[in-house]
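*Asks:* Next up, protein-v2.cif (mmCIF, C-alpha atoms).
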```cif
data_query
#
loop_
_atom_site.label_atom_id
_atom_site.label_comp_id
_atom_site.auth_asym_id
_atom_site.auth_seq_id
_atom_site.Cartn_x
_atom_site.Cartn_y
_atom_site.Cartn_z
CA MET A 9 -8.61 39.00 -5.30
CA LEU A 10 -6.88 36.91 -7.99
CA THR A 11 -7.49 39.37 -10.82
CA ASP A 12 -5.86 38.27 -14.10
CA LEU A 13 -4.10 35.29 -12.54
CA GLN A 14 -3.78 32.57 -15.18
CA ILE A 15 -4.78 29.20 -13.73
CA ALA A 16 -5.20 25.79 -15.38
CA ILE A 17 -7.46 23.27 -13.67
CA PHE A 18 -6.95 19.67 -14.75
CA GLY A 19 -9.69 17.08 -14.33
CA GLY A 20 -10.95 15.87 -11.01
CA ASP A 21 -14.43 15.26 -9.66
CA ALA A 22 -17.39 17.35 -8.47
CA ARG A 23 -15.18 19.07 -5.89
CA GLN A 24 -13.42 20.89 -8.70
CA LEU A 25 -16.65 22.69 -9.63
CA GLU A 26 -16.58 24.53 -6.31
CA VAL A 27 -12.90 25.29 -6.80
CA ILE A 28 -13.67 26.74 -10.25
CA ARG A 29 -16.54 28.78 -8.84
CA LYS A 30 -14.40 30.22 -6.03
CA LEU A 31 -11.46 31.14 -8.27
CA THR A 32 -13.64 32.76 -10.94
CA GLU A 33 -15.38 34.81 -8.23
CA GLN A 34 -11.92 36.05 -7.26
CA GLY A 35 -11.31 37.30 -10.81
CA ALA A 36 -8.90 34.63 -12.02
CA ASN A 37 -8.73 33.55 -15.67
CA LEU A 38 -9.17 29.79 -15.85
CA VAL A 39 -8.33 27.14 -18.42
CA LEU A 40 -10.30 23.94 -17.81
CA VAL A 41 -8.74 20.72 -19.11
CA GLY A 42 -10.83 17.57 -18.95
CA PHE A 43 -14.19 19.30 -18.69
CA ASP A 44 -15.53 18.94 -22.24
CA GLN A 45 -18.63 17.06 -21.02
CA LEU A 46 -19.45 19.69 -18.41
CA ASP A 47 -22.60 21.58 -19.38
CA HIS A 48 -22.14 24.31 -16.79
CA GLY A 49 -20.40 27.46 -18.01
CA PHE A 50 -18.23 29.69 -15.82
CA THR A 51 -17.48 33.32 -16.61
CA GLY A 52 -13.75 33.74 -17.11
CA ALA A 53 -13.16 30.04 -17.77
CA SER A 54 -12.37 28.36 -21.09
CA LYS A 55 -12.50 24.64 -21.86
CA MET A 56 -9.48 23.27 -23.73
CA ASP A 57 -7.71 20.06 -24.61
CA ILE A 58 -4.28 19.74 -23.06
CA GLY A 59 -2.67 20.25 -26.48
CA GLU A 60 -4.34 23.65 -26.76
CA VAL A 61 -3.05 25.03 -23.46
CA ASP A 62 -0.45 27.80 -23.58
CA PHE A 63 1.62 26.65 -20.62
CA SER A 64 3.94 29.65 -20.97
CA ARG A 65 1.19 31.92 -19.58
CA LEU A 66 0.22 29.86 -16.54
CA ASP A 67 0.74 31.14 -13.01
CA CYS A 68 -0.80 28.10 -11.30
CA ILE A 69 -1.84 24.53 -12.11
CA VAL A 70 -4.51 22.83 -10.01
CA LEU A 71 -4.54 19.03 -10.28
CA PRO A 72 -7.17 16.59 -8.97
CA VAL A 73 -7.01 15.61 -5.31
CA ASN A 74 -4.99 12.48 -6.17
CA GLY A 75 -2.57 14.49 -8.32
CA THR A 76 -1.79 12.16 -11.20
CA GLY A 77 -1.78 8.44 -11.85
CA PRO A 78 1.51 6.49 -11.79
CA ASN A 79 2.18 7.41 -15.42
CA GLY A 80 0.93 10.99 -15.37
CA GLU A 81 -2.67 10.30 -16.30
CA ILE A 82 -5.23 12.76 -14.97
CA ASP A 83 -8.51 11.42 -13.55
CA THR A 84 -11.67 13.25 -14.55
CA ILE A 85 -15.37 12.49 -14.45
CA PHE A 86 -16.14 15.22 -16.99
CA SER A 87 -14.33 13.77 -20.02
CA ASN A 88 -13.55 10.49 -21.74
CA LYS A 89 -10.37 11.86 -23.30
CA SER A 90 -6.94 10.76 -22.16
CA ILE A 91 -5.04 13.50 -20.33
CA VAL A 92 -1.39 12.99 -19.40
CA LEU A 93 0.74 15.62 -17.66
CA THR A 94 4.48 15.45 -18.32
CA SER A 95 7.62 17.26 -17.22
CA ALA A 96 7.75 18.78 -20.72
CA HIS A 97 4.47 20.53 -20.01
CA LEU A 98 5.72 21.91 -16.69
CA LYS A 99 9.00 23.09 -18.20
CA LYS A 100 7.03 25.32 -20.58
CA THR A 101 5.49 27.22 -17.65
CA PRO A 102 7.03 30.38 -16.15
CA LYS A 103 9.51 29.66 -13.35
CA HIS A 104 7.09 31.07 -10.78
CA CYS A 105 4.29 28.67 -11.81
CA HIS A 106 3.05 26.70 -8.81
CA VAL A 107 1.38 23.28 -8.85
CA TYR A 108 -1.35 22.30 -6.36
CA SER A 109 -2.69 18.81 -5.66
CA GLY A 110 -4.29 17.01 -2.74
CA ILE A 111 -1.66 14.31 -2.42
CA THR A 112 1.31 13.23 -4.50
CA ASN A 113 3.13 10.15 -5.80
CA ALA A 114 6.53 9.20 -7.20
CA TYR A 115 5.65 10.24 -10.75
CA LEU A 116 4.35 13.67 -9.78
CA ASN A 117 7.27 14.26 -7.44
CA GLY A 118 9.59 13.34 -10.29
CA ILE A 119 8.22 15.76 -12.88
CA ILE A 120 7.97 18.54 -10.27
CA ALA A 121 11.62 18.06 -9.34
CA GLU A 122 12.69 17.83 -12.99
CA SER A 123 10.88 21.05 -13.88
CA GLY A 124 11.91 22.92 -10.75
CA ARG A 125 8.42 24.24 -10.12
CA GLY A 126 6.84 24.76 -6.71
CA HIS A 127 4.33 22.22 -5.41
CA THR A 128 1.83 22.28 -2.55
CA GLN A 129 0.06 19.16 -1.26
CA LEU A 130 -3.16 20.52 0.16
CA PHE A 131 -3.92 17.46 2.27
CA GLU A 132 -0.62 17.90 4.11
CA ARG A 133 -2.01 21.13 5.56
CA ASP A 134 -3.63 20.92 8.97
CA ASP A 135 -6.49 23.26 8.05
CA VAL A 136 -7.54 21.24 4.98
CA ALA A 137 -7.19 17.91 6.78
CA ILE A 138 -9.18 19.05 9.80
CA TYR A 139 -11.99 20.57 7.73
CA ASN A 140 -12.04 17.44 5.55
CA SER A 141 -12.35 15.22 8.60
CA ILE A 142 -15.94 16.46 9.02
CA PRO A 143 -17.37 14.92 5.81
CA THR A 144 -15.05 11.95 6.31
CA VAL A 145 -16.68 11.24 9.68
CA GLU A 146 -20.18 11.63 8.25
CA GLY A 147 -19.32 9.23 5.42
CA THR A 148 -17.84 6.72 7.87
CA LEU A 149 -20.98 6.81 10.00
CA MET A 150 -23.07 6.26 6.88
CA MET A 151 -21.00 3.23 5.83
CA VAL A 152 -21.15 1.66 9.28
CA ILE A 153 -24.92 2.10 9.50
CA GLN A 154 -25.40 0.66 6.00
CA ASN A 155 -23.18 -2.37 6.59
CA THR A 156 -24.15 -3.50 10.09
CA ASP A 157 -27.34 -4.84 11.63
CA THR A 158 -26.74 -3.37 15.08
CA THR A 159 -26.54 0.17 16.42
CA ILE A 160 -23.37 2.18 16.82
CA HIS A 161 -24.58 2.79 20.37
CA LYS A 162 -22.88 0.26 22.70
CA SER A 163 -20.78 -1.16 19.84
CA ASN A 164 -17.13 -2.02 20.46
CA THR A 165 -15.37 0.33 18.06
CA VAL A 166 -11.63 0.38 17.49
CA VAL A 167 -10.01 3.37 15.79
CA LEU A 168 -6.45 2.95 14.53
CA GLY A 169 -4.40 6.13 14.42
CA PHE A 170 -5.01 9.38 16.25
CA GLY A 171 -4.21 11.97 13.63
CA ARG A 172 -6.59 14.63 12.39
CA VAL A 173 -9.08 12.11 11.00
CA GLY A 174 -8.72 9.51 13.73
CA MET A 175 -9.44 12.06 16.45
CA SER A 176 -12.63 13.26 14.72
CA VAL A 177 -13.82 9.70 14.07
CA ALA A 178 -13.25 8.63 17.67
CA ARG A 179 -15.10 11.68 19.01
CA ALA A 180 -18.12 11.14 16.72
CA PHE A 181 -18.52 7.44 17.50
CA ALA A 182 -18.17 8.05 21.23
CA ALA A 183 -20.82 10.78 21.01
CA LEU A 184 -23.22 8.18 19.60
CA GLY A 185 -22.59 5.89 22.56
CA ALA A 186 -19.98 3.54 21.17
CA LYS A 187 -17.32 2.07 23.43
CA VAL A 188 -14.28 3.51 21.65
CA LYS A 189 -10.74 2.19 21.89
CA VAL A 190 -8.02 4.07 20.04
CA GLY A 191 -4.65 2.68 19.03
CA ALA A 192 -1.62 4.94 18.63
CA ARG A 193 2.16 4.88 19.03
CA LYS A 194 3.19 8.31 20.26
CA PRO A 195 3.10 8.80 24.05
CA GLU A 196 1.47 12.21 23.61
CA HIS A 197 -1.31 10.61 21.54
CA ILE A 198 -1.86 7.93 24.18
CA ALA A 199 -2.16 10.67 26.78
CA ARG A 200 -4.60 12.71 24.69
CA ILE A 201 -6.73 9.64 23.95
CA SER A 202 -7.05 9.01 27.68
CA GLU A 203 -7.76 12.69 28.41
CA MET A 204 -10.60 12.70 25.86
CA GLY A 205 -12.27 9.75 27.57
CA PHE A 206 -11.42 7.01 25.06
CA ILE A 207 -9.66 3.75 25.91
CA PRO A 208 -6.04 4.01 24.72
CA PHE A 209 -3.73 1.21 23.65
CA HIS A 210 -0.40 0.95 21.89
CA LEU A 211 -0.59 -0.35 18.33
CA ASP A 212 1.97 -3.01 19.21
CA HIS A 213 -0.84 -4.64 21.24
CA LEU A 214 -3.41 -4.50 18.44
CA LYS A 215 -3.78 -8.28 18.20
CA LYS A 216 -5.28 -8.63 21.66
CA GLU A 217 -7.37 -5.45 21.38
CA VAL A 218 -9.51 -6.66 18.45
CA ILE A 219 -10.87 -9.89 19.91
CA ASP A 220 -14.27 -8.35 20.71
CA THR A 221 -14.42 -5.68 17.98
CA ASP A 222 -17.65 -4.85 16.18
CA VAL A 223 -16.24 -2.04 14.04
CA CYS A 224 -12.60 -1.36 13.19
CA ILE A 225 -11.77 1.97 11.54
CA ASN A 226 -8.26 2.37 10.19
CA THR A 227 -6.61 5.69 9.37
CA VAL A 228 -2.99 4.46 9.32
CA PRO A 229 -1.54 4.67 5.76
CA PHE A 230 0.37 1.39 5.78
CA GLN A 231 -0.68 -2.22 6.25
CA ILE A 232 -1.48 -2.59 9.90
CA VAL A 233 -4.64 -4.70 9.79
CA THR A 234 -2.74 -7.79 8.69
CA SER A 235 -3.97 -11.38 8.34
CA ASP A 236 -2.60 -12.04 11.83
CA ILE A 237 -4.77 -9.25 13.24
CA ILE A 238 -7.86 -10.16 11.20
CA SER A 239 -7.62 -13.77 12.38
CA LYS A 240 -8.31 -12.56 15.94
CA MET A 241 -11.44 -10.58 15.01
CA PRO A 242 -14.99 -11.92 15.37
CA THR A 243 -16.45 -12.82 11.97
CA HIS A 244 -19.12 -10.11 12.30
CA THR A 245 -16.49 -7.35 12.51
CA LEU A 246 -16.79 -4.56 9.95
CA ILE A 247 -13.52 -2.96 8.82
CA ILE A 248 -13.63 0.54 7.32
CA ASP A 249 -10.25 1.61 5.93
CA LEU A 250 -9.95 5.37 5.49
CA ALA A 251 -6.27 5.38 4.52
CA SER A 252 -5.30 6.36 0.99
CA LYS A 253 -4.98 3.54 -1.55
CA PRO A 254 -4.06 0.73 -1.18
CA GLY A 255 -5.14 1.15 2.44
CA GLY A 256 -3.81 -0.52 5.55
CA THR A 257 -5.82 -3.76 5.47
CA ASP A 258 -5.21 -7.23 4.06
CA PHE A 259 -8.47 -7.22 2.10
CA LYS A 260 -7.90 -10.61 0.47
CA TYR A 261 -7.52 -12.34 3.81
CA ALA A 262 -10.53 -10.51 5.24
CA GLU A 263 -12.65 -11.77 2.35
CA LYS A 264 -11.28 -15.28 2.80
CA ARG A 265 -12.27 -15.18 6.46
CA GLY A 266 -15.73 -13.80 5.70
CA ILE A 267 -15.10 -10.41 7.29
CA LYS A 268 -16.42 -7.38 5.43
CA ALA A 269 -13.62 -4.90 4.80
CA LEU A 270 -14.23 -1.72 2.83
CA LEU A 271 -11.62 0.66 1.45
CA ALA A 272 -13.04 4.17 1.63
CA PRO A 273 -10.51 6.87 0.72
CA GLY A 274 -11.78 10.19 -0.58
CA LEU A 275 -15.06 10.11 1.34
CA PRO A 276 -15.45 13.92 1.35
CA GLY A 277 -15.66 13.92 -2.44
CA ILE A 278 -18.27 11.16 -2.35
CA VAL A 279 -20.60 12.14 0.47
CA ALA A 280 -20.23 15.94 0.42
CA PRO A 281 -18.48 17.12 -2.77
CA LYS A 282 -19.85 20.65 -2.51
CA THR A 283 -18.57 21.17 1.04
CA ALA A 284 -15.26 19.44 0.25
CA GLY A 285 -14.85 21.58 -2.87
CA GLN A 286 -15.55 24.76 -0.93
CA ILE A 287 -12.86 23.79 1.58
CA LEU A 288 -10.32 23.35 -1.23
CA GLY A 289 -11.44 26.48 -3.07
CA ASN A 290 -11.11 28.69 0.01
CA VAL A 291 -7.63 27.41 0.86
CA LEU A 292 -6.44 27.62 -2.76
CA SER A 293 -7.67 31.20 -3.01
CA GLN A 294 -5.77 32.15 0.13
CA LEU A 295 -2.56 30.41 -0.97
CA MET A 296 -2.66 31.97 -4.42
CA GLN A 297 -3.17 35.44 -3.00
CA VAL A 298 -0.09 34.96 -0.83
CA GLU A 299 1.86 33.77 -3.90
CA MET A 300 0.81 36.88 -5.81
CA VAL A 301 1.91 39.19 -2.99
CA ASN A 302 5.25 37.41 -2.62
CA ARG A 303 5.88 37.54 -6.36
CA LYS A 304 5.13 41.27 -6.51
CA GLY A 305 7.44 41.82 -3.55
CA LYS A 306 10.31 40.18 -5.42
CA ALA A 307 9.63 42.08 -8.65
#
```
The structure given in the file should be rewritten as structure tokens.

*Replies:*
Amino acid sequence: MLTDLQIAIFGGDARQLEVIRKLTEQGANLVLVGFDQLDHGFTGASKMDIGEVDFSRLDCIVLPVNGTGPNGEIDTIFSNKSIVLTSAHLKKTPKHCHVYSGITNAYLNGIIAESGRGHTQLFERDDVAIYNSIPTVEGTLMMVIQNTDTTIHKSNTVVLGFGRVGMSVARAFAALGAKVKVGARKPEHIARISEMGFIPFHLDHLKKEVIDTDVCINTVPFQIVTSDIISKMPTHTLIIDLASKPGGTDFKYAEKRGIKALLAPGLPGIVAPKTAGQILGNVLSQLMQVEMVNRKGKA
């Protein structure tokens, strides 16, 4: 239980509603910032503007999945008001206050370091990433079906990257009868790709591996699907880029060549926000309980 823990939740999307629900069920006291247009009421939760928050009482701060914008702005679909988180805000919190976000950026790293507060990136955790790969795969399948005029069955599908998402994507497409090739760099990934029955190749050889591709799914978080690679693809190829913004594809060149390329980060929050929110809520609850125990042990 999180009885009497003081938590501020800043903005976000529909996933945050499940996070709020989980934390209130655990007995936490919540301050909701960026939720003034939310009709739903939660017992133990109070809506506030950021200027009304007593940061000195906060044990935890939960940010949206993307953390903040490059200048500290907080995204929210439940308010039209501008919300900006600064290092001055964090410095007002108790020293034990911990910040949670899905991912991070230079700005957020900077104000965390300046304030000296703890920070957890939830999407760096294997459990969150693996659970999240399930709605990501479902969303990817949906996008491919919507944007092609042939079946996934017997399609030539190339998956780039064999991390937690890439592995799940490759398995799902193969289960539907696609001919799946997977590109990776690590020898252990190449071995695992082969063991799982996919066709492995080293990403250094990507140019020759895409010449007959129907669907290319990228999970690598840097530009790997370059103009040189796209120029070798058939014009009917569909590119789905699952990497975080700005993705790993040269979208301008793809458009110029007439190849449809779609950037699709954050699919769990789009196709299954309730499930994705429950995943985050469960992990946050566990992490916060551990923080409480550790803090009491040091007292």

*Asks:* Between CA of Pro143 (chain A) and CA of Val279 (chain A), what is the spacing in Å?

*Replies:*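 CA of Pro143 (chain A) lies at a distance of 6.8 Å from CA of Val279 (chain A).
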
*Asks:* Please write the residues picked by the PyMOL selection byres ((chain A and resi 261-267) around 7) on this file as a PyMOL selection string.

*Replies:* chain A and resi 235+238+243-246+258-260+268-269

*Asks:* Box for region 254-265 of chain A - axis-aligned, 6 Å on each of the six sides, all listed atoms - centre and size in Å to one decimal, as JSON.

*Replies:*
```
{"center_x": -8.2, "center_y": -7.1, "center_z": 2.6, "size_x": 20.8, "size_y": 28.4, "size_z": 19.6}
```

*Asks:* Using CA of His97 (chain A) and CA of Glu26 (chain A) as the two end points, give the distance in Å to one decimal.

*Replies:*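 Rounded to one decimal, the two atoms are 25.4 Å apart.
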
*Asks:* Here is a test: counting all atoms listed in the file, which residue of A:Gly174, A:Gly169, A:Gly80, A:Gly19 is nearest to Thr112 (chain A)?

*Replies:*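 That would be A:Gly80, the residue with the smallest distance to Thr112 (chain A).
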
*Asks:* Which one is closest to Val291 (chain A): A:Ser109, A:Asn79, A:Ser239, A:Ser176? Count only C-alpha atoms.

*Replies:* A:Ser109

*Asks:* Env of region 200-203 of chain A: 9 Å cut, atoms = all atoms listed in the file, seq-sep filter 3 positions within chain, self excluded. Answer as a ChimeraX atom specification.

*Replies:* /A:170,175,189-192,195-197,206-209

*Asks:* Take the residues from that selection and write them out as an mmCIF file, in the coordinates of the input, keeping C-alpha atoms.

*Replies:*
```cif
data_model
loop_
_atom_site.group_PDB
_atom_site.id
_atom_site.type_symbol
_atom_site.label_atom_id
_atom_site.label_comp_id
_atom_site.auth_asym_id
_atom_site.auth_seq_id
_atom_site.Cartn_x
_atom_site.Cartn_y
_atom_site.Cartn_z
ATOM 1 C CA PHE A 170 -5.010 9.380 16.250
ATOM 2 C CA MET A 175 -9.440 12.060 16.450
ATOM 3 C CA LYS A 189 -10.740 2.190 21.890
ATOM 4 C CA VAL A 190 -8.020 4.070 20.040
ATOM 5 C CA GLY A 191 -4.650 2.680 19.030
ATOM 6 C CA ALA A 192 -1.620 4.940 18.630
ATOM 7 C CA PRO A 195 3.100 8.800 24.050
ATOM 8 C CA GLU A 196 1.470 12.210 23.610
ATOM 9 C CA HIS A 197 -1.310 10.610 21.540
ATOM 10 C CA PHE A 206 -11.420 7.010 25.060
ATOM 11 C CA ILE A 207 -9.660 3.750 25.910
ATOM 12 C CA PRO A 208 -6.040 4.010 24.720
ATOM 13 C CA PHE A 209 -3.730 1.210 23.650
#
```
